[in-house]
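J.: Sharing entry00.cif, mmCIF, C-alpha atoms and all ligand atoms:
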```
data_input
loop_
_atom_site.label_atom_id
_atom_site.label_comp_id
_atom_site.auth_asym_id
_atom_site.auth_seq_id
_atom_site.Cartn_x
_atom_site.Cartn_y
_atom_site.Cartn_z
CA MET I 1 7.48 -27.92 -35.13
CA GLN I 2 4.50 -28.72 -32.82
CA HIS I 3 4.48 -26.94 -29.43
CA GLN I 4 3.52 -29.13 -26.43
CA SER I 5 2.80 -26.24 -24.03
CA SER I 6 -0.67 -24.66 -23.75
CA GLU I 7 1.04 -21.25 -23.44
CA PRO I 8 0.87 -18.91 -26.44
CA THR I 9 4.35 -18.37 -27.89
CA VAL I 10 3.77 -14.73 -28.90
CA THR I 11 5.09 -11.94 -26.68
CA GLN I 12 2.21 -9.83 -25.34
CA GLN I 13 2.11 -6.08 -24.99
CA ALA I 14 2.77 -4.63 -21.53
CA ALA I 15 0.03 -2.32 -20.24
CA GLU I 16 1.36 1.19 -19.88
CA THR I 17 1.28 2.56 -16.37
CA LEU I 18 1.00 6.08 -15.02
CA ASP I 19 3.29 6.45 -12.05
CA GLY I 20 2.91 8.89 -9.20
CA TRP I 21 4.39 9.28 -5.76
CA TYR I 22 6.84 6.74 -4.38
CA THR I 23 5.47 4.82 -1.45
CA PHE I 24 7.03 3.26 1.62
CA HIS I 25 5.29 1.13 4.24
CA ASP I 26 7.33 0.67 7.42
CA PHE I 27 6.07 -1.97 9.85
CA ARG I 28 7.45 -2.05 13.40
CA ARG I 29 7.02 -4.10 16.56
CA ILE I 30 7.11 -2.20 19.85
CA ASP I 31 9.76 -3.67 22.14
CA TRP I 32 7.59 -3.30 25.26
CA SER I 33 9.94 -5.21 27.56
CA ARG I 34 12.80 -2.79 26.82
CA LEU I 35 10.49 0.24 26.89
CA LYS I 36 9.40 -0.77 30.39
CA GLN I 37 12.98 -0.24 31.57
CA VAL I 38 12.90 3.39 30.39
CA GLU I 39 12.04 6.04 32.95
CA ALA I 40 8.60 7.63 32.36
CA THR I 41 9.95 11.16 31.74
CA VAL I 42 12.44 9.87 29.16
CA ARG I 43 9.70 7.84 27.46
CA THR I 44 7.49 10.93 27.27
CA LYS I 45 10.38 12.89 25.74
CA MET I 46 10.83 10.19 23.10
CA VAL I 47 7.12 10.31 22.26
CA HIS I 48 7.26 14.13 21.97
CA GLU I 49 10.19 13.85 19.57
CA PHE I 50 8.18 11.36 17.47
CA GLN I 51 5.17 13.73 17.51
CA ALA I 52 7.39 16.59 16.30
CA PHE I 53 8.56 14.35 13.45
CA LEU I 54 4.92 13.60 12.55
CA SER I 55 4.17 17.35 12.59
CA GLU I 56 6.94 17.83 10.02
CA LEU I 57 5.31 15.15 7.85
CA ALA I 58 1.94 16.90 8.31
CA GLN I 59 3.46 20.16 7.05
CA VAL I 60 4.70 18.38 3.89
CA GLU I 61 1.18 17.02 3.44
CA GLU I 62 -0.35 20.50 3.85
CA GLN I 63 1.95 21.73 1.06
CA LYS I 64 0.71 18.74 -1.03
CA GLU I 65 4.31 17.56 -1.45
CA GLY I 66 3.60 14.12 -0.01
CA SER I 67 1.34 12.28 2.38
CA HIS I 68 1.58 9.85 5.27
CA ALA I 69 -0.56 7.71 7.58
CA LEU I 70 0.12 6.12 10.97
CA TYR I 71 -1.85 3.03 12.02
CA THR I 72 -1.54 0.37 14.71
CA ILE I 73 -1.36 -3.21 13.41
CA ILE I 74 -3.52 -5.90 15.02
CA GLY I 75 -1.93 -9.30 15.67
CA GLN I 76 1.67 -10.43 15.99
CA LYS I 77 3.07 -9.43 12.58
CA ALA I 78 3.69 -5.84 13.72
CA ASP I 79 2.40 -3.19 16.12
CA LEU I 80 2.60 -0.06 13.94
CA VAL I 81 2.80 0.95 10.30
CA LEU I 82 3.88 4.30 8.95
CA MET I 83 2.99 4.72 5.27
CA VAL I 84 4.80 7.57 3.50
CA LEU I 85 4.33 8.96 -0.03
CA ARG I 86 6.93 11.25 -1.62
CA PRO I 87 7.84 12.56 -5.12
CA THR I 88 11.23 10.78 -5.28
CA MET I 89 12.94 7.75 -3.78
CA GLU I 90 15.55 10.14 -2.34
CA ASP I 91 12.74 11.88 -0.43
CA ILE I 92 11.50 8.50 0.78
CA GLN I 93 14.94 7.57 2.01
CA ALA I 94 15.41 10.93 3.71
CA VAL I 95 12.22 10.28 5.73
CA GLU I 96 13.40 6.75 6.51
CA VAL I 97 16.80 7.92 7.78
CA LYS I 98 15.27 10.72 9.86
CA MET I 99 12.76 8.33 11.37
CA GLN I 100 15.43 5.79 12.29
CA LYS I 101 17.42 8.47 14.13
CA LEU I 102 14.50 9.15 16.50
CA ASP I 103 15.13 7.86 20.03
CA LEU I 104 11.79 6.01 20.07
CA TYR I 105 12.89 4.00 17.04
CA ASP I 106 15.54 2.28 19.18
CA TYR I 107 12.50 0.53 20.66
CA LEU I 108 10.57 -0.02 17.40
CA ILE I 109 11.87 -3.19 15.79
CA PRO I 110 11.45 -3.47 11.99
CA THR I 111 9.29 -6.46 11.02
CA TYR I 112 8.38 -5.76 7.37
CA SER I 113 8.60 -3.02 4.78
CA TYR I 114 7.32 -2.41 1.29
CA VAL I 115 8.49 -0.04 -1.46
CA SER I 116 6.35 0.82 -4.49
CA VAL I 117 5.09 3.68 -6.64
CA VAL I 118 1.44 4.73 -6.86
CA GLU I 119 0.29 3.22 -10.14
CA LEU I 120 -2.65 3.67 -12.47
CA GLY I 121 -3.14 1.22 -15.31
CA THR I 122 -4.26 2.40 -18.71
CA TYR I 123 -6.41 -0.60 -19.66
CA ARG I 124 -9.35 1.81 -19.87
CA GLY I 125 -7.26 4.30 -21.85
CA SER I 126 -5.68 7.42 -20.43
CA GLY I 127 -8.03 10.07 -21.82
CA GLU I 128 -7.23 13.00 -24.08
CA GLY I 129 -3.93 14.89 -23.90
CA ASN I 130 -1.17 14.47 -21.33
CA PRO I 131 -2.68 12.37 -18.52
CA TYR I 132 -0.18 13.83 -16.02
CA GLU I 133 -1.94 17.19 -16.51
CA ASN I 134 -5.43 15.78 -15.97
CA PRO I 135 -6.63 16.91 -12.49
CA TYR I 136 -8.52 13.63 -11.86
CA VAL I 137 -5.44 11.54 -12.73
CA ARG I 138 -3.19 13.82 -10.66
CA ASP I 139 -5.42 13.40 -7.59
CA ARG I 140 -5.05 9.63 -7.91
CA LEU I 141 -1.29 9.60 -8.64
CA TYR I 142 -0.44 12.09 -5.89
CA PRO I 143 -3.09 11.20 -3.29
CA ILE I 144 -3.50 12.77 0.12
CA LEU I 145 -4.25 9.63 2.13
CA PRO I 146 -7.72 9.46 3.68
CA LYS I 147 -8.06 9.73 7.46
CA SER I 148 -10.06 6.49 7.58
CA LYS I 149 -10.37 4.52 10.79
CA HIS I 150 -8.78 1.37 9.34
CA ILE I 151 -6.04 0.24 6.98
CA CYS I 152 -5.45 -3.08 5.20
CA PHE I 153 -2.19 -3.76 3.37
CA TYR I 154 -1.02 -6.78 1.40
CA PRO I 155 1.40 -7.42 -1.42
CA MET I 156 0.33 -9.44 -4.47
CA SER I 157 1.47 -10.65 -7.85
CA LYS I 158 -0.19 -12.01 -10.97
CA SER I 159 0.50 -15.68 -11.64
CA ARG I 160 3.06 -16.82 -14.20
CA ARG I 161 2.13 -20.49 -13.74
CA ASP I 162 1.97 -22.68 -16.84
CA GLY I 163 -1.65 -22.51 -18.00
CA ASP I 164 -2.53 -19.51 -15.77
CA ASN I 165 0.06 -17.01 -16.94
CA TRP I 166 -1.28 -13.42 -16.80
CA TYR I 167 1.70 -12.22 -18.81
CA THR I 168 0.93 -14.39 -21.83
CA LEU I 169 -2.74 -13.29 -22.03
CA SER I 170 -3.59 -10.95 -24.89
CA MET I 171 -4.12 -7.26 -24.18
CA GLU I 172 -7.82 -7.69 -25.13
CA LYS I 173 -8.30 -10.49 -22.59
CA ARG I 174 -6.51 -8.54 -19.83
CA LYS I 175 -8.63 -5.46 -20.62
CA GLU I 176 -11.80 -7.54 -20.32
CA LEU I 177 -10.69 -9.08 -17.02
CA MET I 178 -9.57 -5.76 -15.55
CA TYR I 179 -12.89 -4.22 -16.56
CA ARG I 180 -14.68 -6.84 -14.46
CA HIS I 181 -12.26 -6.24 -11.57
CA GLY I 182 -12.96 -2.51 -11.80
CA MET I 183 -16.74 -3.11 -11.74
CA ILE I 184 -16.49 -5.07 -8.47
CA GLY I 185 -14.21 -2.39 -7.07
CA ARG I 186 -16.66 0.33 -8.01
CA SER I 187 -19.45 -1.37 -6.05
CA TYR I 188 -17.38 -0.49 -2.94
CA ALA I 189 -17.32 3.23 -3.80
CA GLY I 190 -17.69 5.27 -0.63
CA LYS I 191 -16.80 2.25 1.54
CA ILE I 192 -13.22 1.49 0.49
CA GLN I 193 -10.49 3.65 -0.98
CA GLN I 194 -7.65 1.76 -2.66
CA ILE I 195 -4.07 2.80 -3.41
CA ILE I 196 -2.30 0.41 -5.77
CA GLY I 197 1.51 0.64 -5.64
CA GLY I 198 3.37 -0.94 -8.55
CA SER I 199 6.49 -2.70 -7.26
CA THR I 200 7.86 -4.85 -10.08
CA GLY I 201 11.63 -4.37 -9.80
CA PHE I 202 11.22 -2.48 -6.50
CA ASP I 203 10.14 -5.14 -4.03
CA ASP I 204 9.39 -8.84 -3.77
CA TRP I 205 5.83 -8.76 -5.15
CA GLU I 206 4.37 -6.95 -8.16
CA TRP I 207 1.92 -4.69 -6.33
CA GLY I 208 1.31 -3.40 -2.82
CA VAL I 209 -2.44 -3.04 -2.18
CA THR I 210 -3.44 -0.52 0.50
CA LEU I 211 -7.11 -0.25 1.38
CA PHE I 212 -8.70 2.35 3.67
CA ALA I 213 -12.16 2.01 5.26
CA ASN I 214 -14.18 3.25 8.21
CA ASP I 215 -15.94 -0.12 8.49
CA ILE I 216 -13.22 -2.78 8.92
CA LEU I 217 -15.58 -5.58 7.76
CA GLN I 218 -15.54 -4.12 4.24
CA PHE I 219 -11.93 -5.40 3.83
CA LYS I 220 -13.10 -8.98 4.36
CA LYS I 221 -16.05 -8.47 2.04
CA ILE I 222 -14.11 -7.00 -0.90
CA VAL I 223 -11.18 -9.43 -0.68
CA TYR I 224 -13.60 -12.38 -0.47
CA GLU I 225 -15.76 -11.12 -3.34
CA MET I 226 -12.69 -10.54 -5.52
CA ARG I 227 -11.49 -14.10 -4.88
CA PHE I 228 -14.41 -15.23 -7.11
CA ASP I 229 -13.44 -12.86 -9.89
CA GLU I 230 -11.19 -14.43 -12.54
CA VAL I 231 -8.39 -11.86 -12.11
CA SER I 232 -7.92 -12.90 -8.48
CA ALA I 233 -9.30 -16.47 -8.62
CA LYS I 234 -6.99 -17.60 -11.42
CA TYR I 235 -4.16 -15.10 -11.45
CA GLY I 236 -3.92 -13.54 -7.98
CA GLU I 237 -1.07 -14.56 -5.65
CA PHE I 238 -0.96 -12.97 -2.24
CA GLY I 239 1.54 -12.19 0.48
CA GLU I 240 0.85 -11.47 4.14
CA PHE I 241 -2.13 -9.35 5.16
CA PHE I 242 -1.84 -6.54 7.72
CA ILE I 243 -4.82 -4.71 9.21
CA GLY I 244 -4.92 -1.90 11.72
CA ASN I 245 -6.58 1.06 13.39
CA ARG I 246 -5.76 4.71 12.87
CA LEU I 247 -3.37 6.14 15.45
CA GLU I 248 -3.57 9.91 15.88
CA SER I 249 -0.40 11.73 16.86
CA THR I 250 -2.31 13.20 19.80
CA ASP I 251 -3.02 9.66 21.10
CA LEU I 252 0.64 8.59 21.11
CA GLU I 253 1.34 9.50 24.72
CA ALA I 254 -1.56 7.34 25.87
CA HIS I 255 -0.51 4.57 23.49
CA PHE I 256 3.00 4.41 24.91
CA ALA I 257 1.95 4.93 28.54
CA LEU I 258 2.62 1.98 30.85
C1 LIG L 301 -11.79 -0.51 -3.78
C2 LIG L 301 -12.14 -0.69 -4.98
C3 LIG L 301 -11.29 -0.97 -6.18
C4 LIG L 301 -11.48 -0.37 -7.40
C5 LIG L 301 -12.52 0.66 -7.78
C6 LIG L 301 -10.48 -0.90 -8.30
C7 LIG L 301 -10.38 -0.56 -9.65
C8 LIG L 301 -9.29 -0.94 -10.40
C9 LIG L 301 -9.15 -0.63 -11.80
C10 LIG L 301 -10.18 0.11 -12.65
C11 LIG L 301 -7.93 -1.11 -12.20
C12 LIG L 301 -7.33 -1.08 -13.59
C13 LIG L 301 -6.74 0.23 -13.92
C14 LIG L 301 -6.82 0.39 -15.43
O1 LIG L 301 -5.91 -0.09 -16.08
O2 LIG L 301 -7.81 0.92 -15.93
C15 LIG L 301 -7.31 -1.70 -11.06
C16 LIG L 301 -6.03 -2.26 -11.07
C17 LIG L 301 -5.57 -3.06 -10.05
N1 LIG L 301 -6.25 -3.41 -8.91
FE1 LIG L 301 -8.02 -2.70 -8.29
N2 LIG L 301 -9.70 -1.81 -7.61
C18 LIG L 301 -10.18 -1.90 -6.33
C19 LIG L 301 -9.73 -2.73 -5.28
C20 LIG L 301 -8.69 -3.63 -5.47
C21 LIG L 301 -8.36 -4.69 -4.57
C22 LIG L 301 -9.10 -5.05 -3.30
C23 LIG L 301 -7.26 -5.34 -5.08
C24 LIG L 301 -6.60 -6.59 -4.52
C25 LIG L 301 -7.09 -7.81 -5.30
C26 LIG L 301 -7.61 -8.94 -4.46
O3 LIG L 301 -8.13 -9.91 -5.06
O4 LIG L 301 -7.52 -8.92 -3.24
C27 LIG L 301 -6.87 -4.66 -6.28
C28 LIG L 301 -5.78 -4.98 -7.04
C29 LIG L 301 -5.46 -4.30 -8.20
C30 LIG L 301 -4.24 -4.50 -8.93
C31 LIG L 301 -3.10 -5.41 -8.48
C32 LIG L 301 -4.29 -3.72 -10.06
C33 LIG L 301 -3.21 -3.62 -11.16
C34 LIG L 301 -3.39 -4.82 -12.05
C35 LIG L 301 -2.68 -4.80 -13.37
O5 LIG L 301 -2.51 -5.90 -13.93
O6 LIG L 301 -2.29 -3.74 -13.86
N3 LIG L 301 -7.79 -3.64 -6.51
N4 LIG L 301 -8.18 -1.63 -9.99
#
```
Please lay out the structure from this file as structure tokens.

T.:
Amino acid sequence: MQHQSSEPTVTQQAAETLDGWYTFHDFRRIDWSRLKQVEATVRTKMVHEFQAFLSELAQVEEQKEGSHALYTIIGQKADLVLMVLRPTMEDIQAVEVKMQKLDLYDYLIPTYSYVSVVELGTYRGSGEGNPYENPYVRDRLYPILPKSKHICFYPMSKSRRDGDNWYTLSMEKRKELMYRHGMIGRSYAGKIQQIIGGSTGFDDWEWGVTLFANDILQFKKIVYEMRFDEVSAKYGEFGEFFIGNRLESTDLEAHFAL
């Protein structure tokens, strides 16, 4: 029987992934109008409690048992993001519960969140032996987040539209396209550090992209340049973008001062 669709009918091979630390992005809006009602000494106490919580996270990071990053978010989508990486989803949830019990969090309204797992594709192969024992792979799967000045986060998926379906492309074609993607990415070495979180089955999109840079303009440049690359031009579908500035724990008192 003749097939009318341009889609191949064969089932393609999934690319194997290497999976590292689980990742949680928690976006919050500061309820300034309610915070203004709180007496200054009480507000300071709440900030100190939050700083103590961040110190606990810093200790986990020092032990290399996880990592975290706190940034402000520019614009109306949120005011803050806390990104947390942990070995298990139970660990992630424990941090989430602890955070929500903090007094300050009564004034931090959730606006968005994203759950994923740090993912490395194996389109370029995964080297000799057990990749999970390779120090280079381990550094990328269990990353200590950079202390860059800026963050950019957005979720994305690969299209399954008729005619532009990533998931019906052959492995060879996807390898070729990902190679080109990687080459563009590599031209930003030293300017942008990316963490790709796989989230198929975990959250609403297929990946959470987190970029770190000291020069915020580099986010615009890389995202724009990638729009012309076939992987993004034809197959990329994007959610909301969030950008922000690093917020040091030591600057929190000033940040919440009125
Ligand atoms: C900052 C630079 C940078 C670099 C060096 C880089 C390199 C690479 C390589 C080599 C590989 C493939 C892994 C493998 O298999 O070898 C990937 C994989 C991936 N990437 Fe990437 N990426 C970057 C940056 C980078 C950006 C800016 C984006 C957003 C795209 C855009 O249009 O906004 C992105 C997305 C992804 C995704 C969603 C995946 C997984 C796709 C899949 O289908 O599995 N990425 N990425």

J.: With 3 Å added on each side, what axis-aligned box encloses every listed atom of ligand LIG 301 (chain L)? Give the centre and edge lengths in Å to one decimal, as JSON.

T.:
```
{"center_x": -7.4, "center_y": -4.5, "center_z": -9.7, "size_x": 16.2, "size_y": 16.8, "size_z": 18.8}
```

J.: Near Glu230 of chain I, counting all atoms listed in the file, which residues have an atom at most 12 Å away, once you skip same-chain residues fewer than 4 positions from it, shown as a list in words?

T.: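 Returned residues: Lys158, Ser159, Asp164, Trp166, Lys173, Arg174, Glu176, Leu177, Met178, Tyr179, Arg180, His181, Ile184, Glu225, Met226, Lys234, Tyr235 and Gly236 of chain I.
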
J.: Restricting the calculation to all atoms listed in the file: of I:Glu61, I:Asp229, I:Asp215, I:Glu248, which residue gets closest to Ile151 of chain I?

T.: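 Closest candidate: I:Asp215.
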
J.: Restricting the calculation to all atoms listed in the file, which member of I:Ala52, I:Ala257, I:Met83, I:Leu141 is positioned closest to Tyr71 of chain I?

T.: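 Closest to Tyr71 of chain I, using all atoms listed in the file: I:Met83.
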
J.: Taking only C-alpha atoms and all ligand atoms and a cut-off of 6 Å, can you tell me which residues surround ligand LIG 301 (chain L), written as a short mmCIF file (atom, residue, chain, number, x, y, z; two decimals) with C-alpha atoms, keeping the file's coordinate frame?

T.:
```cif
data_model
loop_
_atom_site.label_atom_id
_atom_site.label_comp_id
_atom_site.auth_asym_id
_atom_site.auth_seq_id
_atom_site.Cartn_x
_atom_site.Cartn_y
_atom_site.Cartn_z
CA LEU I 120 -2.65 3.67 -12.47
CA GLY I 121 -3.14 1.22 -15.31
CA THR I 122 -4.26 2.40 -18.71
CA TYR I 123 -6.41 -0.60 -19.66
CA ARG I 124 -9.35 1.81 -19.87
CA MET I 178 -9.57 -5.76 -15.55
CA GLY I 182 -12.96 -2.51 -11.80
CA GLY I 185 -14.21 -2.39 -7.07
CA ARG I 186 -16.66 0.33 -8.01
CA TYR I 188 -17.38 -0.49 -2.94
CA ILE I 192 -13.22 1.49 0.49
CA GLN I 193 -10.49 3.65 -0.98
CA GLN I 194 -7.65 1.76 -2.66
CA TRP I 207 1.92 -4.69 -6.33
CA VAL I 209 -2.44 -3.04 -2.18
CA ILE I 222 -14.11 -7.00 -0.90
CA VAL I 223 -11.18 -9.43 -0.68
CA MET I 226 -12.69 -10.54 -5.52
CA ARG I 227 -11.49 -14.10 -4.88
CA SER I 232 -7.92 -12.90 -8.48
#
```

J.: Have a look at I:Leu169, I:Asn214, I:Ser187, I:Leu252 and name the one nearest to Val231 of chain I; count all atoms listed in the file.

T.: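 For Val231 of chain I, the nearest of the given residues is I:Leu169.
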
J.: Give me the residues within 9 Å of Gly75 of chain I as a short mmCIF file (atom, residue, chain, number, x, y, z; two decimals) with C-alpha atoms, keeping the file's coordinate frame, counting all atoms listed in the file and dropping any in the same chain fewer than 6 places off.

T.:
```
data_model
loop_
_atom_site.label_atom_id
_atom_site.label_comp_id
_atom_site.auth_asym_id
_atom_site.auth_seq_id
_atom_site.Cartn_x
_atom_site.Cartn_y
_atom_site.Cartn_z
CA PHE I 242 -1.84 -6.54 7.72
CA ILE I 243 -4.82 -4.71 9.21
CA GLY I 244 -4.92 -1.90 11.72
#
```

J.: Between I:Pro155, I:Pro146, I:Pro131, I:Gly197, single out the one closest to Arg246 of chain I, counting only C-alpha atoms.

T.: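 Checking each candidate against Arg246 of chain I, we get I:Pro146 as the closest.
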
J.: Give as a PyMOL selection string each residue that has an atom at most 6 Å from (6.4, -3.6, 3.2) in the file, counting all atoms listed in the file.

T.: chain I and resi 25+112-114

J.: When distances are computed from all atoms listed in the file, which of I:Gln37, I:Gln93, I:Ser148, I:Thr11 shows the smallest separation from Leu211 of chain I?

T.: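 Result for the nearest residue to Leu211 of chain I: I:Ser148.
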
J.: What is the atom CA of Arg29 of chain I-atom CA of Tyr224 of chain I distance in Å, reported with one decimal?

T.: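 Result for atom CA of Arg29 of chain I versus atom CA of Tyr224 of chain I: 28.0 Å, one decimal.
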